[in-house]
>>> print(open('upload.cif').read())   # mmCIF, C-alpha atoms and all ligand atoms
data_start
loop_
_atom_site.group_PDB
_atom_site.id
_atom_site.type_symbol
_atom_site.label_atom_id
_atom_site.label_comp_id
_atom_site.auth_asym_id
_atom_site.auth_seq_id
_atom_site.Cartn_x
_atom_site.Cartn_y
_atom_site.Cartn_z
ATOM 1 C CA MET A 1 14.749 7.205 -17.214
ATOM 2 C CA THR A 2 11.260 8.264 -16.213
ATOM 3 C CA ALA A 3 9.954 7.011 -12.914
ATOM 4 C CA GLN A 4 7.137 4.469 -12.987
ATOM 5 C CA LEU A 5 4.974 6.534 -10.642
ATOM 6 C CA GLU A 6 5.235 10.282 -10.418
ATOM 7 C CA LEU A 7 3.253 12.540 -8.120
ATOM 8 C CA LYS A 8 3.581 16.192 -9.003
ATOM 9 C CA ASN A 9 2.424 18.661 -6.360
ATOM 10 C CA VAL A 10 -0.585 16.524 -5.418
ATOM 11 C CA SER A 11 -3.043 17.658 -2.756
ATOM 12 C CA ARG A 12 -6.296 16.287 -1.385
ATOM 13 C CA MET A 13 -8.640 18.529 0.534
ATOM 14 C CA PHE A 14 -11.494 17.273 2.701
ATOM 15 C CA GLY A 15 -13.534 20.403 3.395
ATOM 16 C CA GLY A 16 -10.987 22.770 4.926
ATOM 17 C CA LEU A 17 -8.512 19.991 5.770
ATOM 18 C CA ASN A 18 -5.452 19.541 3.572
ATOM 19 C CA ALA A 19 -5.053 15.774 4.127
ATOM 20 C CA VAL A 20 -2.318 15.590 1.472
ATOM 21 C CA ASN A 21 -0.547 18.867 0.863
ATOM 22 C CA ASP A 22 1.558 19.548 -2.229
ATOM 23 C CA VAL A 23 3.427 16.237 -2.344
ATOM 24 C CA THR A 24 5.959 15.596 -5.101
ATOM 25 C CA LEU A 25 7.325 12.066 -5.116
ATOM 26 C CA SER A 26 8.451 9.528 -7.685
ATOM 27 C CA VAL A 27 8.953 5.782 -7.457
ATOM 28 C CA ASP A 28 11.037 3.712 -9.847
ATOM 29 C CA GLN A 29 10.002 0.406 -11.345
ATOM 30 C CA GLY A 30 10.824 -2.459 -8.949
ATOM 31 C CA GLN A 31 11.522 -0.248 -5.947
ATOM 32 C CA VAL A 32 10.170 -0.968 -2.449
ATOM 33 C CA LEU A 33 9.219 2.325 -0.825
ATOM 34 C CA GLY A 34 8.254 2.505 2.846
ATOM 35 C CA LEU A 35 5.696 5.220 3.581
ATOM 36 C CA ILE A 36 5.603 6.248 7.226
ATOM 37 C CA GLY A 37 4.277 9.025 9.433
ATOM 38 C CA PRO A 38 2.036 9.643 12.451
ATOM 39 C CA ASN A 39 -1.662 8.740 12.549
ATOM 40 C CA GLY A 40 -3.599 11.121 10.347
ATOM 41 C CA ALA A 41 -0.485 12.144 8.381
ATOM 42 C CA GLY A 42 -2.178 11.426 5.052
ATOM 43 C CA LYS A 43 -0.630 8.054 4.134
ATOM 44 C CA THR A 44 -3.894 6.295 3.297
ATOM 45 C CA THR A 45 -5.175 9.435 1.583
ATOM 46 C CA LEU A 46 -2.086 9.418 -0.646
ATOM 47 C CA ILE A 47 -2.911 5.848 -1.760
ATOM 48 C CA ASN A 48 -6.582 6.803 -2.202
ATOM 49 C CA LEU A 49 -5.494 9.691 -4.383
ATOM 50 C CA ILE A 50 -3.264 7.494 -6.571
ATOM 51 C CA THR A 51 -6.020 4.892 -7.012
ATOM 52 C CA ALA A 52 -8.786 7.506 -7.524
ATOM 53 C CA VAL A 53 -10.786 6.412 -4.490
ATOM 54 C CA HIS A 54 -10.524 10.079 -3.447
ATOM 55 C CA PRO A 55 -8.962 11.796 -6.470
ATOM 56 C CA ALA A 56 -6.455 14.614 -6.100
ATOM 57 C CA THR A 57 -7.937 18.084 -5.670
ATOM 58 C CA ALA A 58 -4.729 19.574 -7.103
ATOM 59 C CA GLY A 59 -1.639 18.291 -8.826
ATOM 60 C CA ARG A 60 -1.024 15.428 -11.233
ATOM 61 C CA VAL A 61 -0.384 11.689 -11.011
ATOM 62 C CA PHE A 62 1.585 9.935 -13.759
ATOM 63 C CA PHE A 63 2.092 6.209 -14.281
ATOM 64 C CA ASP A 64 4.617 5.186 -16.948
ATOM 65 C CA GLY A 65 4.591 8.808 -18.050
ATOM 66 C CA ARG A 66 0.827 8.736 -18.613
ATOM 67 C CA ASP A 67 -1.434 11.175 -16.786
ATOM 68 C CA ILE A 68 -3.857 9.081 -14.694
ATOM 69 C CA THR A 69 -5.096 11.898 -12.432
ATOM 70 C CA ARG A 70 -8.640 11.906 -13.759
ATOM 71 C CA MET A 71 -9.026 8.206 -14.543
ATOM 72 C CA ARG A 72 -11.621 6.021 -12.803
ATOM 73 C CA PRO A 73 -10.520 3.373 -10.264
ATOM 74 C CA HIS A 74 -11.116 0.401 -12.604
ATOM 75 C CA GLN A 75 -9.148 2.086 -15.404
ATOM 76 C CA ILE A 76 -6.263 2.632 -13.015
ATOM 77 C CA ALA A 77 -6.469 -0.997 -11.852
ATOM 78 C CA ARG A 78 -6.283 -2.116 -15.471
ATOM 79 C CA LEU A 79 -3.018 -0.257 -15.940
ATOM 80 C CA GLY A 80 -1.516 -2.423 -13.188
ATOM 81 C CA LEU A 81 -1.936 -0.401 -10.003
ATOM 82 C CA ALA A 82 -3.376 -2.368 -7.092
ATOM 83 C CA ARG A 83 -3.791 -1.658 -3.412
ATOM 84 C CA THR A 84 -4.945 -3.293 -0.229
ATOM 85 C CA PHE A 85 -7.284 -1.576 2.200
ATOM 86 C CA GLN A 86 -6.247 -0.665 5.751
ATOM 87 C CA ILE A 87 -9.729 -1.583 6.945
ATOM 88 C CA VAL A 88 -9.994 -5.038 5.428
ATOM 89 C CA GLN A 89 -13.224 -5.201 3.525
ATOM 90 C CA PRO A 90 -13.902 -8.577 1.933
ATOM 91 C CA PHE A 91 -17.304 -9.228 0.421
ATOM 92 C CA PRO A 92 -18.441 -11.219 3.467
ATOM 93 C CA LYS A 93 -21.129 -13.303 1.776
ATOM 94 C CA MET A 94 -18.833 -14.412 -1.020
ATOM 95 C CA THR A 95 -16.354 -17.224 -0.607
ATOM 96 C CA VAL A 96 -12.671 -16.525 -0.242
ATOM 97 C CA LEU A 97 -12.168 -17.785 -3.817
ATOM 98 C CA GLU A 98 -14.902 -15.513 -5.197
ATOM 99 C CA ASN A 99 -13.401 -12.505 -3.422
ATOM 100 C CA VAL A 100 -10.085 -13.037 -5.171
ATOM 101 C CA ALA A 101 -11.736 -13.845 -8.504
ATOM 102 C CA ALA A 102 -13.558 -10.497 -8.220
ATOM 103 C CA GLY A 103 -10.143 -8.793 -8.136
ATOM 104 C CA ALA A 104 -9.164 -10.495 -11.413
ATOM 105 C CA LEU A 105 -12.459 -9.486 -13.032
ATOM 106 C CA PHE A 106 -12.240 -5.888 -11.773
ATOM 107 C CA ALA A 107 -8.790 -5.434 -13.252
ATOM 108 C CA GLY A 108 -9.855 -7.093 -16.490
ATOM 109 C CA ASN A 109 -7.359 -9.938 -16.317
ATOM 110 C CA ALA A 110 -9.762 -12.848 -16.594
ATOM 111 C CA HIS A 111 -11.302 -14.049 -19.880
ATOM 112 C CA SER A 112 -14.111 -15.859 -18.101
ATOM 113 C CA LEU A 113 -15.376 -16.687 -14.633
ATOM 114 C CA ALA A 114 -13.615 -20.051 -14.837
ATOM 115 C CA ASP A 115 -10.376 -18.294 -15.719
ATOM 116 C CA ALA A 116 -10.870 -15.853 -12.825
ATOM 117 C CA HIS A 117 -11.368 -18.803 -10.458
ATOM 118 C CA ALA A 118 -8.270 -20.576 -11.779
ATOM 119 C CA GLN A 119 -6.182 -17.434 -11.272
ATOM 120 C CA ALA A 120 -7.698 -16.965 -7.808
ATOM 121 C CA ARG A 121 -6.634 -20.495 -6.818
ATOM 122 C CA ASP A 122 -3.023 -19.663 -7.724
ATOM 123 C CA HIS A 123 -3.085 -16.553 -5.548
ATOM 124 C CA LEU A 124 -4.691 -18.445 -2.670
ATOM 125 C CA GLN A 125 -1.972 -21.066 -2.957
ATOM 126 C CA PHE A 126 0.675 -18.345 -2.806
ATOM 127 C CA THR A 127 -0.894 -16.631 0.204
ATOM 128 C CA GLY A 128 -1.541 -19.884 2.060
ATOM 129 C CA LEU A 129 -5.320 -19.558 1.982
ATOM 130 C CA ILE A 130 -6.145 -22.363 -0.434
ATOM 131 C CA ALA A 131 -7.584 -24.570 2.320
ATOM 132 C CA SER A 132 -10.156 -21.839 3.038
ATOM 133 C CA ALA A 133 -11.067 -21.229 -0.625
ATOM 134 C CA ASN A 134 -14.682 -22.284 -0.302
ATOM 135 C CA GLN A 135 -15.418 -20.747 3.093
ATOM 136 C CA SER A 136 -17.279 -17.484 3.302
ATOM 137 C CA ALA A 137 -14.846 -14.596 3.748
ATOM 138 C CA ALA A 138 -16.623 -13.615 6.963
ATOM 139 C CA THR A 139 -15.236 -16.727 8.696
ATOM 140 C CA LEU A 140 -11.582 -15.712 8.308
ATOM 141 C CA THR A 141 -9.361 -14.563 11.161
ATOM 142 C CA LEU A 142 -7.767 -11.098 10.963
ATOM 143 C CA ALA A 143 -4.449 -12.556 9.755
ATOM 144 C CA GLN A 144 -6.291 -14.508 7.074
ATOM 145 C CA ARG A 145 -8.288 -11.444 6.008
ATOM 146 C CA LYS A 146 -5.023 -9.517 5.619
ATOM 147 C CA ARG A 147 -3.741 -12.320 3.391
ATOM 148 C CA LEU A 148 -7.002 -12.246 1.465
ATOM 149 C CA GLU A 149 -6.401 -8.524 0.819
ATOM 150 C CA LEU A 150 -2.969 -9.442 -0.524
ATOM 151 C CA ALA A 151 -4.427 -12.198 -2.734
ATOM 152 C CA LYS A 152 -7.063 -9.764 -4.067
ATOM 153 C CA GLY A 153 -4.316 -7.275 -4.867
ATOM 154 C CA LEU A 154 -2.265 -9.924 -6.664
ATOM 155 C CA ALA A 155 -5.305 -10.961 -8.703
ATOM 156 C CA MET A 156 -5.132 -7.515 -10.289
ATOM 157 C CA LYS A 157 -1.712 -8.548 -11.703
ATOM 158 C CA PRO A 158 -0.132 -5.400 -10.324
ATOM 159 C CA ARG A 159 2.981 -3.708 -11.592
ATOM 160 C CA LEU A 160 2.674 -1.380 -8.609
ATOM 161 C CA LEU A 161 1.210 -2.752 -5.378
ATOM 162 C CA MET A 162 0.326 -0.459 -2.480
ATOM 163 C CA LEU A 163 0.038 -2.174 0.895
ATOM 164 C CA ASP A 164 -1.794 -0.255 3.619
ATOM 165 C CA GLU A 165 -0.813 -1.696 6.999
ATOM 166 C CA VAL A 166 -1.053 -5.333 5.979
ATOM 167 C CA ASN A 167 0.765 -6.309 9.168
ATOM 168 C CA ALA A 168 -1.310 -4.340 11.676
ATOM 169 C CA GLY A 169 -2.734 -6.575 14.384
ATOM 170 C CA LEU A 170 -0.678 -9.617 13.396
ATOM 171 C CA ASN A 171 1.546 -11.571 15.795
ATOM 172 C CA PRO A 172 5.329 -11.811 15.168
ATOM 173 C CA SER A 173 5.202 -15.119 13.320
ATOM 174 C CA GLU A 174 2.307 -13.944 11.144
ATOM 175 C CA ILE A 175 4.329 -10.801 10.377
ATOM 176 C CA ASP A 176 7.317 -12.935 9.345
ATOM 177 C CA ASP A 177 5.077 -14.886 6.972
ATOM 178 C CA ALA A 178 3.635 -11.676 5.512
ATOM 179 C CA LEU A 179 7.129 -10.225 5.051
ATOM 180 C CA ALA A 180 8.308 -13.332 3.218
ATOM 181 C CA MET A 181 5.332 -12.961 0.890
ATOM 182 C CA ILE A 182 6.002 -9.273 0.252
ATOM 183 C CA ARG A 183 9.662 -10.058 -0.529
ATOM 184 C CA LYS A 184 8.624 -12.727 -3.030
ATOM 185 C CA ILE A 185 6.266 -10.278 -4.728
ATOM 186 C CA ALA A 186 9.065 -7.708 -4.927
ATOM 187 C CA GLU A 187 11.386 -10.349 -6.429
ATOM 188 C CA ARG A 188 8.948 -10.668 -9.316
ATOM 189 C CA GLY A 189 9.743 -7.055 -10.153
ATOM 190 C CA VAL A 190 6.546 -5.559 -8.748
ATOM 191 C CA THR A 191 7.001 -2.035 -7.397
ATOM 192 C CA ILE A 192 5.743 -1.839 -3.806
ATOM 193 C CA ILE A 193 4.672 1.061 -1.616
ATOM 194 C CA VAL A 194 4.260 -0.186 1.919
ATOM 195 C CA ILE A 195 2.542 1.822 4.648
ATOM 196 C CA GLU A 196 3.676 0.470 7.969
ATOM 197 C CA HIS A 197 3.969 1.602 11.574
ATOM 198 C CA LEU A 198 6.359 -1.123 12.755
ATOM 199 C CA MET A 199 9.819 0.329 12.114
ATOM 200 C CA LYS A 200 11.502 -3.085 12.201
ATOM 201 C CA VAL A 201 9.275 -4.180 9.354
ATOM 202 C CA VAL A 202 9.753 -0.957 7.375
ATOM 203 C CA MET A 203 13.517 -1.161 7.748
ATOM 204 C CA SER A 204 13.676 -4.805 6.769
ATOM 205 C CA ILE A 205 11.980 -4.369 3.390
ATOM 206 C CA SER A 206 12.294 -0.760 2.235
ATOM 207 C CA GLN A 207 14.981 0.423 -0.161
ATOM 208 C CA ARG A 208 13.772 3.936 0.395
ATOM 209 C CA ILE A 209 11.553 5.670 2.944
ATOM 210 C CA ALA A 210 9.216 8.632 2.548
ATOM 211 C CA VAL A 211 7.750 10.407 5.568
ATOM 212 C CA LEU A 212 4.475 12.296 5.694
ATOM 213 C CA HIS A 213 3.509 14.709 8.470
ATOM 214 C CA HIS A 214 0.343 16.823 8.414
ATOM 215 C CA GLY A 215 -0.063 15.916 4.742
ATOM 216 C CA GLN A 216 3.398 17.125 3.764
ATOM 217 C CA LEU A 217 6.403 15.112 2.646
ATOM 218 C CA ILE A 218 9.040 15.940 5.255
ATOM 219 C CA ALA A 219 11.708 13.420 4.206
ATOM 220 C CA ASP A 220 12.417 11.018 1.369
ATOM 221 C CA GLY A 221 15.543 8.972 0.827
ATOM 222 C CA GLU A 222 17.845 6.194 1.975
ATOM 223 C CA PRO A 223 16.325 4.501 5.069
ATOM 224 C CA ASN A 224 19.121 5.092 7.588
ATOM 225 C CA ALA A 225 19.510 8.711 6.548
ATOM 226 C CA VAL A 226 15.760 9.295 6.862
ATOM 227 C CA LEU A 227 15.698 7.785 10.361
ATOM 228 C CA ARG A 228 18.445 10.163 11.467
ATOM 229 C CA ASP A 229 16.722 13.204 10.011
ATOM 230 C CA PRO A 230 15.875 15.500 12.955
ATOM 231 C CA LYS A 231 12.527 16.445 11.345
ATOM 232 C CA VAL A 232 11.530 12.768 11.229
ATOM 233 C CA VAL A 233 12.685 12.153 14.788
ATOM 234 C CA GLU A 234 10.660 15.088 16.019
ATOM 235 C CA ALA A 235 7.515 14.363 14.002
ATOM 236 C CA TYR A 236 7.337 10.626 14.319
ATOM 237 C CA LEU A 237 10.076 8.496 15.799
ATOM 238 C CA GLY A 238 10.720 10.338 19.042
ATOM 239 C CA SER A 239 14.066 11.008 20.654
ATOM 240 C CA LYS A 240 14.178 7.644 22.495
ATOM 241 C CA PHE A 241 14.150 5.811 19.187
ATOM 242 C CA ALA A 242 16.794 8.123 17.770
ATOM 243 C CA ALA A 243 19.062 7.668 20.801
ATOM 244 C CA ALA A 244 18.726 3.891 20.600
ATOM 245 C CA HIS A 245 19.728 3.897 16.953
ATOM 246 C CA ALA A 246 22.192 6.783 17.044
ATOM 247 C CA GLY A 247 25.023 6.655 14.589
ATOM 248 C CA GLY A 248 24.463 3.122 13.422
ATOM 249 C CA ALA A 249 22.323 0.980 11.238
ATOM 250 C CA ALA A 250 18.876 1.510 12.671
HETATM 251 N N1 LIG A 301 -12.914 10.517 3.557
HETATM 252 C C1 LIG A 301 -12.477 11.456 4.398
HETATM 253 N N2 LIG A 301 -13.247 12.515 4.749
HETATM 254 C C2 LIG A 301 -12.769 13.470 5.588
HETATM 255 N N3 LIG A 301 -11.543 13.463 6.146
HETATM 256 C C3 LIG A 301 -10.739 12.431 5.847
HETATM 257 C C4 LIG A 301 -11.156 11.374 4.961
HETATM 258 N N4 LIG A 301 -10.134 10.484 4.858
HETATM 259 C C5 LIG A 301 -9.141 10.962 5.631
HETATM 260 N N5 LIG A 301 -9.503 12.115 6.217
HETATM 261 C C6 LIG A 301 -8.658 12.924 7.115
HETATM 262 O O1 LIG A 301 -7.436 13.151 6.444
HETATM 263 C C7 LIG A 301 -6.327 13.086 7.350
HETATM 264 C C8 LIG A 301 -5.358 12.036 6.870
HETATM 265 O O2 LIG A 301 -5.944 10.764 7.079
HETATM 266 P P1 LIG A 301 -5.284 9.423 6.587
HETATM 267 O O3 LIG A 301 -6.276 8.342 6.839
HETATM 268 O O4 LIG A 301 -4.790 9.574 5.208
HETATM 269 O O5 LIG A 301 -4.048 9.274 7.573
HETATM 270 P P2 LIG A 301 -3.023 8.071 7.765
HETATM 271 O O6 LIG A 301 -1.658 8.649 7.662
HETATM 272 O O7 LIG A 301 -3.370 6.949 6.871
HETATM 273 O O8 LIG A 301 -3.271 7.671 9.310
HETATM 274 P P3 LIG A 301 -3.257 6.229 10.036
HETATM 275 O O9 LIG A 301 -1.802 5.944 10.326
HETATM 276 O O10 LIG A 301 -4.025 6.474 11.295
HETATM 277 O O11 LIG A 301 -3.894 5.237 9.138
HETATM 278 C C9 LIG A 301 -6.926 12.800 8.718
HETATM 279 O O12 LIG A 301 -7.081 14.026 9.393
HETATM 280 C C10 LIG A 301 -8.273 12.184 8.396
HETATM 281 O O13 LIG A 301 -9.211 12.418 9.411
HETATM 282 MG MG MG A 302 -3.987 5.031 7.158
#
>>> encode(input="upload.cif", output="structure tokens")
Amino acid sequence: MTAQLELKNVSRMFGGLNAVNDVTLSVDQGQVLGLIGPNGAGKTTLINLITAVHPATAGRVFFDGRDITRMRPHQIARLGLARTFQIVQPFPKMTVLENVAAGALFAGNAHSLADAHAQARDHLQFTGLIASANQSAATLTLAQRKRLELAKGLAMKPRLLMLDEVNAGLNPSEIDDALAMIRKIAERGVTIIVIEHLMKVVMSISQRIAVLHHGQLIADGEPNAVLRDPKVVEAYLGSKFAAAHAGGAA
């Protein structure tokens, strides 16, 4: 079986900096992959490279066996790849509803503006934002803006959804809500790549974990095995974490 997403030796240079360096990674349909690593490791750049925000400078990206390396962002969205942005960036003057409808239009899912609005309402219902549908996006709290990012992603009817720190800055109960939502999305069969610094969160949803460090993939596999990998402990988790979780289910 071919993987749904395949990265073959992908790199992204920024000037002299190799932000993503020769990464080969594949993700199967329906899998939830946790992507972790220190600040500046290249996690966001990897998502930007897949979605053509900052295309790969070397290597190839395949989706369903099709080479998407040189496609434009809207073409990639139309194939069913969606992502949220780490720095939440709603269109502030548009309403919450219009922001989500824009996602449906961008990915080519809506037949008309009315259809885009109807779809947007469904996603706002799902993400618990329906009561704020007609407010301007600028009025939302951080937790609400993170949910708006999720709703915008869902409006693209993704088959692969990439979540870039959707829990950052949220309180524990907001994180629980977000996790429940992510699980429901995964249950629909959507493949998910989740970038996340909170290890509890990563461990609770990931079937597999990949670790980036200085742009390179230093580990990839079953979550507990990855957490015990000395390279991962040294680069990211630290020995205190490793000692606390030694030998057992982390
Ligand atoms: N548009 C850009 N122009 C120049 N350098 C960039 C650009 N985007 C990212 N970088 C650099 O690439 C490296 C990887 O950054 P990236 O944002 O992908 O890391 P990250 O793993 O997402 O980190 P964080 O956990 O802090 O979000 C960093 O050194 C960063 O400064
Ligand atoms: Mg990042």
>>> residues_near_ligand(input="upload.cif", ligand="ligand MG 302 (chain A)", cutoff="8 Å", atoms="all atoms listed in the file", output="PyMOL selection string")
chain A and resi 39-40+42-45+86+164-165+195
>>> resolve_selection(input="upload.cif", expression="the PyMOL selection byres (((chain A and resi 227-242) around 12) and not hetatm)", output="VMD selection string")
chain A and resid 34 36 to 41 197 to 200 202 to 203 208 to 214 216 to 226 243 to 250
>>> closest_residue(input="upload.cif", among="A:Ser11, A:Asn18, A:Thr24, A:Gln75", to="ligand LIG 301 (chain A)", atoms="all atoms listed in the file")
A:Asn18
>>> resolve_selection(input="upload.cif", expression="the PyMOL selection byres (((chain A and resi 69-72) around 9) and not hetatm)", output="list in words")
Leu49, Ile50, Thr51, Ala52, Val53, Pro55, Ala56, Gly59, Arg60, Val61, Phe62, Asp67, Ile68, Pro73, His74, Gln75, Ile76 and Ala77 of chain A
>>> closest_residue(input="upload.cif", among="A:Glu149, A:Glu187, A:Glu196, A:Asp122", to="Ile87 (chain A)", atoms="all atoms listed in the file")
A:Glu149
>>> closest_residue(input="upload.cif", among="A:Asn99, A:Gln29, A:Asn48, A:Thr2", to="ligand LIG 301 (chain A)", atoms="only C-alpha atoms and all ligand atoms")
A:Asn48
>>> residues_around(input="upload.cif", residues="Ala116 (chain A)", least_positions_apart="3", cutoff="10 Å", atoms="all atoms listed in the file", output="ChimeraX atom specification")
/A:97-98,100-105,108-113,119-121,155
>>> residues_around(input="upload.cif", residues="region 173-179 of chain A", least_positions_apart="2", cutoff="10 Å", atoms="only C-alpha atoms", output="list in words")
Thr127, Gly128, Ala143, Gln144, Lys146, Arg147, Leu150, Val166, Asn167, Ala168, Gly169, Leu170, Asn171, Met181, Ile182, Arg183, Lys184, Ile185, Val201, Val202, Ser204 and Ile205 of chain A
>>> write_last_selection(input="upload.cif", atoms="C-alpha atoms", output="JSON list (two decimals), in the frame of the given file")
[["chain", "number", "residue", "atom", "x", "y", "z"],
["A", 127, "THR", "CA", -0.89, -16.63, 0.20],
["A", 128, "GLY", "CA", -1.54, -19.88, 2.06],
["A", 143, "ALA", "CA", -4.45, -12.56, 9.76],
["A", 144, "GLN", "CA", -6.29, -14.51, 7.07],
["A", 146, "LYS", "CA", -5.02, -9.52, 5.62],
["A", 147, "ARG", "CA", -3.74, -12.32, 3.39],
["A", 150, "LEU", "CA", -2.97, -9.44, -0.52],
["A", 166, "VAL", "CA", -1.05, -5.33, 5.98],
["A", 167, "ASN", "CA", 0.76, -6.31, 9.17],
["A", 168, "ALA", "CA", -1.31, -4.34, 11.68],
["A", 169, "GLY", "CA", -2.73, -6.58, 14.38],
["A", 170, "LEU", "CA", -0.68, -9.62, 13.40],
["A", 171, "ASN", "CA", 1.55, -11.57, 15.80],
["A", 181, "MET", "CA", 5.33, -12.96, 0.89],
["A", 182, "ILE", "CA", 6.00, -9.27, 0.25],
["A", 183, "ARG", "CA", 9.66, -10.06, -0.53],
["A", 184, "LYS", "CA", 8.62, -12.73, -3.03],
["A", 185, "ILE", "CA", 6.27, -10.28, -4.73],
["A", 201, "VAL", "CA", 9.28, -4.18, 9.35],
["A", 202, "VAL", "CA", 9.75, -0.96, 7.38],
["A", 204, "SER", "CA", 13.68, -4.80, 6.77],
["A", 205, "ILE", "CA", 11.98, -4.37, 3.39]]
>>> closest_residue(input="upload.cif", among="A:Thr95, A:Gly80, A:Phe14, A:Asp22", to="ligand LIG 301 (chain A)", atoms="all atoms listed in the file")
A:Phe14
>>> axis_aligned_box(input="upload.cif", around="ligand LIG 301 (chain A)", padding_each_side="6 Å", output="lines of an AutoDock Vina configuration file")
center_x = -7.5
center_y = 9.6
center_z = 7.4
size_x = 23.6
size_y = 20.8
size_z = 19.7
>>> closest_residue(input="upload.cif", among="A:Gln31, A:Asn9, A:Thr141, A:Thr57", to="Arg188 (chain A)", atoms="all atoms listed in the file")
A:Gln31
>>> atom_distance(input="upload.cif", atom1="CA of Val27 (chain A)", atom2="CA of Leu46 (chain A)")
13.5 Å
>>> atom_distance(input="upload.cif", atom1="CA of Leu154 (chain A)", atom2="CA of Leu81 (chain A)")
10.1 Å
>>> closest_residue(input="upload.cif", among="A:Ala138, A:Leu25, A:Ile130, A:Ile192", to="Glu6 (chain A)", atoms="only C-alpha atoms")
A:Leu25
>>> atom_distance(input="upload.cif", atom1="CA of Val32 (chain A)", atom2="CA of Ser206 (chain A)")
5.1 Å
>>> residues_near_point(input="upload.cif", point="(-1.4, -2.1, -9.8)", cutoff="8 Å", atoms="only C-alpha atoms", output="short mmCIF file (atom, residue, chain, number, x, y, z; two decimals) with C-alpha atoms, keeping the file's coordinate frame")
data_model
loop_
_atom_site.label_atom_id
_atom_site.label_comp_id
_atom_site.auth_asym_id
_atom_site.auth_seq_id
_atom_site.Cartn_x
_atom_site.Cartn_y
_atom_site.Cartn_z
CA ILE A 76 -6.26 2.63 -13.02
CA ALA A 77 -6.47 -1.00 -11.85
CA ARG A 78 -6.28 -2.12 -15.47
CA LEU A 79 -3.02 -0.26 -15.94
CA GLY A 80 -1.52 -2.42 -13.19
CA LEU A 81 -1.94 -0.40 -10.00
CA ALA A 82 -3.38 -2.37 -7.09
CA ARG A 83 -3.79 -1.66 -3.41
CA GLY A 153 -4.32 -7.28 -4.87
CA MET A 156 -5.13 -7.52 -10.29
CA LYS A 157 -1.71 -8.55 -11.70
CA PRO A 158 -0.13 -5.40 -10.32
CA ARG A 159 2.98 -3.71 -11.59
CA LEU A 160 2.67 -1.38 -8.61
CA LEU A 161 1.21 -2.75 -5.38
CA MET A 162 0.33 -0.46 -2.48
#
